[in-house]
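Coordinates as given in protein.pdb (PDB, C-alpha atoms, pLDDT in the B column):
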ATOM      1  CA  MET V   1      -6.554 -33.687 -60.257  1.00 51.00           C
ATOM      2  CA  ARG V   2      -4.098 -31.139 -58.905  1.00 49.00           C
ATOM      3  CA  ALA V   3      -6.883 -28.816 -57.791  1.00 48.00           C
ATOM      4  CA  LYS V   4      -8.579 -31.704 -55.990  1.00 45.00           C
ATOM      5  CA  SER V   5      -5.365 -32.556 -54.122  1.00 41.00           C
ATOM      6  CA  PHE V   6      -4.949 -28.912 -53.176  1.00 37.00           C
ATOM      7  CA  HIS V   7      -8.485 -28.806 -51.738  1.00 41.00           C
ATOM      8  CA  VAL V   8      -7.890 -31.980 -49.740  1.00 36.00           C
ATOM      9  CA  VAL V   9      -4.666 -30.559 -48.295  1.00 35.00           C
ATOM     10  CA  LEU V  10      -6.394 -27.258 -47.550  1.00 33.00           C
ATOM     11  CA  PHE V  11      -9.285 -29.063 -45.819  1.00 36.00           C
ATOM     12  CA  LEU V  12      -6.897 -31.150 -43.710  1.00 36.00           C
ATOM     13  CA  PHE V  13      -4.952 -28.038 -42.721  1.00 36.00           C
ATOM     14  CA  PHE V  14      -8.058 -26.250 -41.455  1.00 37.00           C
ATOM     15  CA  ALA V  15      -9.522 -29.389 -39.883  1.00 37.00           C
ATOM     16  CA  ALA V  16      -6.320 -29.990 -37.923  1.00 39.00           C
ATOM     17  CA  GLY V  17      -6.324 -26.383 -36.760  1.00 38.00           C
ATOM     18  CA  SER V  18      -9.858 -26.697 -35.432  1.00 37.00           C
ATOM     19  CA  LEU V  19      -8.881 -29.714 -33.330  1.00 40.00           C
ATOM     20  CA  THR V  20      -6.307 -27.816 -31.315  1.00 46.00           C
ATOM     21  CA  ALA V  21      -7.282 -26.178 -28.052  1.00 55.00           C
ATOM     22  CA  GLN V  22      -8.669 -22.691 -28.326  1.00 69.00           C
ATOM     23  CA  TYR V  23      -7.034 -20.671 -25.579  1.00 73.00           C
ATOM     24  CA  THR V  24      -9.335 -17.798 -24.760  1.00 85.00           C
ATOM     25  CA  PHE V  25      -7.668 -15.907 -21.978  1.00 92.00           C
ATOM     26  CA  GLN V  26      -7.965 -12.214 -21.403  1.00 94.00           C
ATOM     27  CA  ILE V  27      -5.690  -9.727 -19.755  1.00 94.00           C
ATOM     28  CA  VAL V  28      -7.767  -7.647 -17.355  1.00 95.00           C
ATOM     29  CA  ILE V  29      -6.886  -5.109 -14.696  1.00 94.00           C
ATOM     30  CA  ASP V  30      -6.847  -6.337 -11.098  1.00 95.00           C
ATOM     31  CA  GLU V  31      -9.073  -3.898  -9.205  1.00 93.00           C
ATOM     32  CA  GLU V  32      -7.039  -4.385  -6.028  1.00 95.00           C
ATOM     33  CA  THR V  33      -3.603  -3.593  -7.484  1.00 95.00           C
ATOM     34  CA  SER V  34      -4.425  -1.920 -10.829  1.00 96.00           C
ATOM     35  CA  LYS V  35      -2.012  -4.390 -12.455  1.00 95.00           C
ATOM     36  CA  PRO V  36      -2.762  -6.733 -15.376  1.00 96.00           C
ATOM     37  CA  MET V  37      -3.857 -10.296 -14.644  1.00 97.00           C
ATOM     38  CA  LEU V  38      -4.738 -13.273 -16.814  1.00 97.00           C
ATOM     39  CA  VAL V  39      -8.252 -14.705 -16.762  1.00 97.00           C
ATOM     40  CA  GLY V  40      -9.438 -17.743 -18.738  1.00 97.00           C
ATOM     41  CA  LEU V  41      -8.107 -20.885 -20.385  1.00 97.00           C
ATOM     42  CA  CYS V  42      -4.464 -20.350 -21.235  1.00 96.00           C
ATOM     43  CA  ASP V  43      -1.232 -22.032 -22.176  1.00 95.00           C
ATOM     44  CA  ARG V  44       2.346 -21.062 -21.402  1.00 94.00           C
ATOM     45  CA  ASN V  45       2.367 -18.572 -24.268  1.00 94.00           C
ATOM     46  CA  ALA V  46       0.135 -16.344 -22.148  1.00 95.00           C
ATOM     47  CA  PHE V  47       3.148 -15.707 -19.919  1.00 96.00           C
ATOM     48  CA  SER V  48       5.078 -14.202 -22.827  1.00 94.00           C
ATOM     49  CA  ASP V  49       3.154 -10.944 -22.404  1.00 93.00           C
ATOM     50  CA  THR V  50       5.455  -8.374 -20.828  1.00 92.00           C
ATOM     51  CA  SER V  51       3.081  -8.106 -17.857  1.00 94.00           C
ATOM     52  CA  PHE V  52       3.985 -11.657 -16.825  1.00 97.00           C
ATOM     53  CA  SER V  53       7.184 -12.656 -18.625  1.00 97.00           C
ATOM     54  CA  SER V  54       9.604 -11.160 -16.112  1.00 97.00           C
ATOM     55  CA  TRP V  55       8.479 -13.154 -13.085  1.00 98.00           C
ATOM     56  CA  PHE V  56       7.660 -16.252 -15.144  1.00 98.00           C
ATOM     57  CA  ASN V  57      11.006 -16.385 -16.959  1.00 98.00           C
ATOM     58  CA  ASN V  58      13.025 -15.577 -13.826  1.00 98.00           C
ATOM     59  CA  GLU V  59      11.401 -18.368 -11.816  1.00 98.00           C
ATOM     60  CA  TYR V  60      11.499 -20.862 -14.704  1.00 98.00           C
ATOM     61  CA  GLU V  61      15.180 -20.243 -15.469  1.00 98.00           C
ATOM     62  CA  SER V  62      16.390 -20.175 -11.869  1.00 99.00           C
ATOM     63  CA  TYR V  63      14.599 -23.355 -10.777  1.00 99.00           C
ATOM     64  CA  ASN V  64      16.665 -26.545 -10.639  1.00 99.00           C
ATOM     65  CA  VAL V  65      14.591 -29.653 -11.216  1.00 99.00           C
ATOM     66  CA  ASP V  66      15.314 -32.489  -8.783  1.00 99.00           C
ATOM     67  CA  THR V  67      15.999 -34.930 -11.603  1.00 98.00           C
ATOM     68  CA  SER V  68      16.860 -37.897  -9.400  1.00 98.00           C
ATOM     69  CA  THR V  69      13.436 -37.715  -7.751  1.00 98.00           C
ATOM     70  CA  ILE V  70      11.325 -36.847 -10.772  1.00 98.00           C
ATOM     71  CA  ASN V  71      12.955 -39.567 -12.905  1.00 97.00           C
ATOM     72  CA  LEU V  72      11.002 -42.071 -10.787  1.00 97.00           C
ATOM     73  CA  ILE V  73       7.845 -41.162 -12.745  1.00 97.00           C
ATOM     74  CA  THR V  74       9.229 -40.575 -16.233  1.00 95.00           C
ATOM     75  CA  ASP V  75       6.772 -43.085 -17.733  1.00 93.00           C
ATOM     76  CA  ASP V  76       3.951 -42.876 -15.183  1.00 96.00           C
ATOM     77  CA  ILE V  77       3.413 -39.114 -15.575  1.00 96.00           C
ATOM     78  CA  HIS V  78       2.001 -39.734 -19.049  1.00 96.00           C
ATOM     79  CA  GLN V  79      -0.848 -41.751 -17.501  1.00 96.00           C
ATOM     80  CA  VAL V  80      -2.308 -38.662 -15.815  1.00 98.00           C
ATOM     81  CA  ASN V  81      -3.979 -35.470 -16.964  1.00 98.00           C
ATOM     82  CA  LEU V  82      -3.465 -32.190 -15.166  1.00 98.00           C
ATOM     83  CA  THR V  83      -5.787 -29.301 -14.495  1.00 98.00           C
ATOM     84  CA  ILE V  84      -3.947 -26.271 -13.192  1.00 99.00           C
ATOM     85  CA  ILE V  85      -5.707 -23.317 -11.606  1.00 99.00           C
ATOM     86  CA  LEU V  86      -3.553 -20.249 -11.004  1.00 99.00           C
ATOM     87  CA  GLY V  87      -3.761 -16.563 -10.306  1.00 98.00           C
ATOM     88  CA  THR V  88      -1.166 -14.300 -11.866  1.00 98.00           C
ATOM     89  CA  TRP V  89      -1.864 -11.940  -8.948  1.00 98.00           C
ATOM     90  CA  CYS V  90      -0.849 -14.678  -6.450  1.00 98.00           C
ATOM     91  CA  SER V  91       2.760 -14.974  -5.258  1.00 98.00           C
ATOM     92  CA  ASP V  92       2.455 -18.751  -4.778  1.00 99.00           C
ATOM     93  CA  SER V  93       1.247 -19.155  -8.379  1.00 99.00           C
ATOM     94  CA  ARG V  94       4.090 -16.972  -9.606  1.00 98.00           C
ATOM     95  CA  GLU V  95       6.520 -19.276  -7.839  1.00 99.00           C
ATOM     96  CA  GLN V  96       5.013 -22.743  -8.314  1.00 99.00           C
ATOM     97  CA  ILE V  97       3.621 -22.659 -11.867  1.00 99.00           C
ATOM     98  CA  PRO V  98       6.895 -21.806 -13.661  1.00 99.00           C
ATOM     99  CA  ARG V  99       8.560 -24.531 -11.571  1.00 99.00           C
ATOM    100  CA  LEU V 100       5.854 -27.048 -12.445  1.00 99.00           C
ATOM    101  CA  LEU V 101       6.126 -26.249 -16.143  1.00 99.00           C
ATOM    102  CA  LYS V 102       9.895 -26.681 -16.009  1.00 99.00           C
ATOM    103  CA  ILE V 103       9.421 -30.103 -14.372  1.00 99.00           C
ATOM    104  CA  LEU V 104       6.859 -31.069 -17.022  1.00 98.00           C
ATOM    105  CA  ASP V 105       9.211 -29.900 -19.770  1.00 98.00           C
ATOM    106  CA  PHE V 106      11.956 -32.077 -18.305  1.00 98.00           C
ATOM    107  CA  LEU V 107       9.551 -35.049 -18.410  1.00 98.00           C
ATOM    108  CA  HIS V 108       8.424 -34.228 -21.984  1.00 98.00           C
ATOM    109  CA  TYR V 109       4.858 -34.081 -20.693  1.00 98.00           C
ATOM    110  CA  PRO V 110       2.524 -33.198 -23.574  1.00 97.00           C
ATOM    111  CA  GLU V 111       0.673 -29.923 -23.220  1.00 95.00           C
ATOM    112  CA  SER V 112      -2.358 -31.650 -24.756  1.00 96.00           C
ATOM    113  CA  LYS V 113      -2.827 -33.547 -21.461  1.00 97.00           C
ATOM    114  CA  MET V 114      -2.997 -30.350 -19.448  1.00 98.00           C
ATOM    115  CA  GLN V 115      -5.589 -27.621 -18.925  1.00 97.00           C
ATOM    116  CA  MET V 116      -4.508 -24.378 -17.332  1.00 98.00           C
ATOM    117  CA  PHE V 117      -7.003 -21.815 -16.063  1.00 98.00           C
ATOM    118  CA  ALA V 118      -6.079 -18.361 -14.837  1.00 98.00           C
ATOM    119  CA  VAL V 119      -8.545 -16.986 -12.305  1.00 98.00           C
ATOM    120  CA  ASP V 120      -9.318 -13.602 -10.836  1.00 97.00           C
ATOM    121  CA  ARG V 121      -9.348 -12.993  -7.079  1.00 97.00           C
ATOM    122  CA  ASN V 122     -12.871 -14.476  -6.883  1.00 96.00           C
ATOM    123  CA  LYS V 123     -11.592 -17.715  -8.499  1.00 97.00           C
ATOM    124  CA  LYS V 124     -13.544 -17.006 -11.702  1.00 96.00           C
ATOM    125  CA  THR V 125     -12.202 -17.624 -15.202  1.00 95.00           C
ATOM    126  CA  GLY V 126     -14.493 -15.443 -17.240  1.00 91.00           C
ATOM    127  CA  GLU V 127     -16.421 -17.618 -19.689  1.00 91.00           C
ATOM    128  CA  TYR V 128     -15.355 -20.982 -18.221  1.00 93.00           C
ATOM    129  CA  ASP V 129     -17.270 -22.448 -15.296  1.00 95.00           C
ATOM    130  CA  ILE V 130     -14.896 -24.233 -12.932  1.00 97.00           C
ATOM    131  CA  ASP V 131     -17.140 -24.057  -9.846  1.00 96.00           C
ATOM    132  CA  HIS V 132     -17.412 -27.874  -9.859  1.00 96.00           C
ATOM    133  CA  LEU V 133     -13.667 -28.018  -9.086  1.00 97.00           C
ATOM    134  CA  LYS V 134     -14.294 -26.222  -5.767  1.00 97.00           C
ATOM    135  CA  ILE V 135     -11.157 -24.092  -5.913  1.00 98.00           C
ATOM    136  CA  GLU V 136     -10.412 -22.301  -2.650  1.00 97.00           C
ATOM    137  CA  LEU V 137      -6.697 -21.499  -2.951  1.00 98.00           C
ATOM    138  CA  VAL V 138      -4.328 -21.020  -5.850  1.00 99.00           C
ATOM    139  CA  PRO V 139      -2.396 -22.484  -7.327  1.00 99.00           C
ATOM    140  CA  THR V 140      -4.294 -25.765  -7.348  1.00 99.00           C
ATOM    141  CA  ILE V 141      -2.827 -28.606  -9.399  1.00 99.00           C
ATOM    142  CA  ILE V 142      -5.332 -31.432  -9.906  1.00 99.00           C
ATOM    143  CA  LEU V 143      -4.138 -34.821 -11.132  1.00 98.00           C
ATOM    144  CA  PHE V 144      -6.584 -37.099 -12.955  1.00 98.00           C
ATOM    145  CA  LYS V 145      -6.219 -40.699 -14.046  1.00 96.00           C
ATOM    146  CA  GLU V 146      -8.869 -42.212 -16.304  1.00 94.00           C
ATOM    147  CA  ALA V 147     -11.044 -39.122 -15.713  1.00 94.00           C
ATOM    148  CA  LEU V 148     -11.011 -39.609 -11.922  1.00 97.00           C
ATOM    149  CA  GLU V 149      -9.346 -37.130  -9.618  1.00 98.00           C
ATOM    150  CA  ILE V 150      -6.362 -38.697  -7.863  1.00 97.00           C
ATOM    151  CA  GLU V 151      -5.244 -35.841  -5.660  1.00 98.00           C
ATOM    152  CA  ARG V 152      -4.449 -32.133  -5.533  1.00 99.00           C
ATOM    153  CA  ILE V 153      -1.468 -30.007  -4.723  1.00 99.00           C
ATOM    154  CA  VAL V 154      -2.984 -26.877  -3.208  1.00 99.00           C
ATOM    155  CA  GLU V 155      -1.113 -23.596  -2.830  1.00 98.00           C
ATOM    156  CA  LEU V 156       2.278 -25.084  -1.895  1.00 98.00           C
ATOM    157  CA  PRO V 157       3.650 -28.621  -2.106  1.00 98.00           C
ATOM    158  CA  ARG V 158       3.960 -30.548   1.149  1.00 98.00           C
ATOM    159  CA  MET V 159       7.593 -31.439   0.444  1.00 98.00           C
ATOM    160  CA  SER V 160       8.577 -30.297  -3.054  1.00 98.00           C
ATOM    161  CA  LEU V 161       6.741 -30.393  -6.365  1.00 99.00           C
ATOM    162  CA  GLU V 162       8.884 -33.315  -7.478  1.00 99.00           C
ATOM    163  CA  GLU V 163       8.372 -35.334  -4.287  1.00 99.00           C
ATOM    164  CA  ASP V 164       4.646 -34.615  -4.166  1.00 99.00           C
ATOM    165  CA  LEU V 165       4.170 -35.571  -7.826  1.00 99.00           C
ATOM    166  CA  VAL V 166       6.120 -38.789  -7.312  1.00 98.00           C
ATOM    167  CA  ASP V 167       4.125 -39.720  -4.196  1.00 98.00           C
ATOM    168  CA  ILE V 168       0.774 -38.995  -5.846  1.00 98.00           C
ATOM    169  CA  ILE V 169       1.506 -40.720  -9.141  1.00 97.00           C
ATOM    170  CA  LEU V 170       3.159 -43.804  -7.664  1.00 97.00           C
ATOM    171  CA  SER V 171       0.291 -44.257  -5.208  1.00 95.00           C
ATOM    172  CA  ALA V 172      -2.149 -44.203  -8.143  1.00 93.00           C
ATOM    173  CA  ARG V 173      -0.494 -47.062 -10.024  1.00 88.00           C
TER     174      ARG V 173
END

Produce structure tokens that represent the structure in this file.
Amino acid sequence: MRAKSFHVVLFLFFAAGSLTAQYTFQIVIDEETSKPMLVGLCDRNAFSDTSFSSWFNNEYESYNVDTSTINLITDDIHQVNLTIILGTWCSDSREQIPRLLKILDFLHYPESKMQMFAVDRNKKTGEYDIDHLKIELVPTIILFKEALEIERIVELPRMSLEEDLVDIILSAR
């Protein structure tokens, strides 16, 4: 009986592990700058590599979330999914993505509702085909509700990330 219970627990452990997202990013050399860049499906742990951690951590830590604005969508944010396209070679991505992740952390937004793709200078992700998203500039933050695209924040927010997110999400109610 004990052996059977052990096998059930072992099966559940491996089954649960296979359900989690498989982040398959690579660190490649940017031909233009000879510096490392991320390419592929990634999560925030990709920024822990020393090639990216300095700028990511500095921007994340120094950014002050506009809590009075973003609190307007504390519940509504969980109704949307996000697809984030960034380039670690891009100064706007280096600024906006750590800020966005800090805002999402403040809102307790689950990482399971977010996909983050790092692209090269040709907007390619390696093995993932994102051509259907028609990415022209990075970063591009795409908000989806019930599998339909609501709107995008492209390159820089119009006002601020908080104000843009609030406007987009409240208009999609």

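We find CA of Val138 (chain V) and CA of Arg44 (chain V) to be spaced 16.9 Å apart.
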
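Taking only C-alpha atoms into account, Ala172 (chain V) lies nearest to V:Val80 out of the set V:Leu86, V:Val80, V:Leu101, V:Leu137.
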
Closest pair table for region 99-133 of chain V residues within 12 Å of region 156-171 of chain V, only C-alpha atoms, as a Markdown table:
| residue | atom | partner | partner_atom | distance |
| --- | --- | --- | --- | --- |
| V:Arg99 | CA | V:Leu161 | CA | 8.0 |
| V:Leu100 | CA | V:Leu161 | CA | 7.0 |
| V:Leu101 | CA | V:Leu161 | CA | 10.6 |
| V:Lys102 | CA | V:Leu161 | CA | 10.8 |
| V:Ile103 | CA | V:Glu162 | CA | 7.6 |
| V:Leu104 | CA | V:Glu162 | CA | 10.0 |
| V:Phe106 | CA | V:Glu162 | CA | 11.3 |
| V:Leu107 | CA | V:Glu162 | CA | 11.1 |

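Shortest separation to Asp49 (chain V) among V:Gln26, V:Ser112, V:Ile130, V:Ser34 occurs at residue V:Gln26, atoms counted being all atoms listed in the file.
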
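Minimum atom-to-atom distances from V:Ser68, V:Asn81, V:Thr74, V:Thr88 to Asp120 (chain V) were compared using only C-alpha atoms, and the lowest value belongs to V:Thr88.
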
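Using only C-alpha atoms for every distance, the candidate list V:Leu82, V:Glu111, V:Ser62, V:Met37 yields V:Leu82 as the residue closest to Leu148 (chain V).
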
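Taking CA of Val119 (chain V) and CA of Pro98 (chain V) as endpoints, the distance between them is 16.2 Å.
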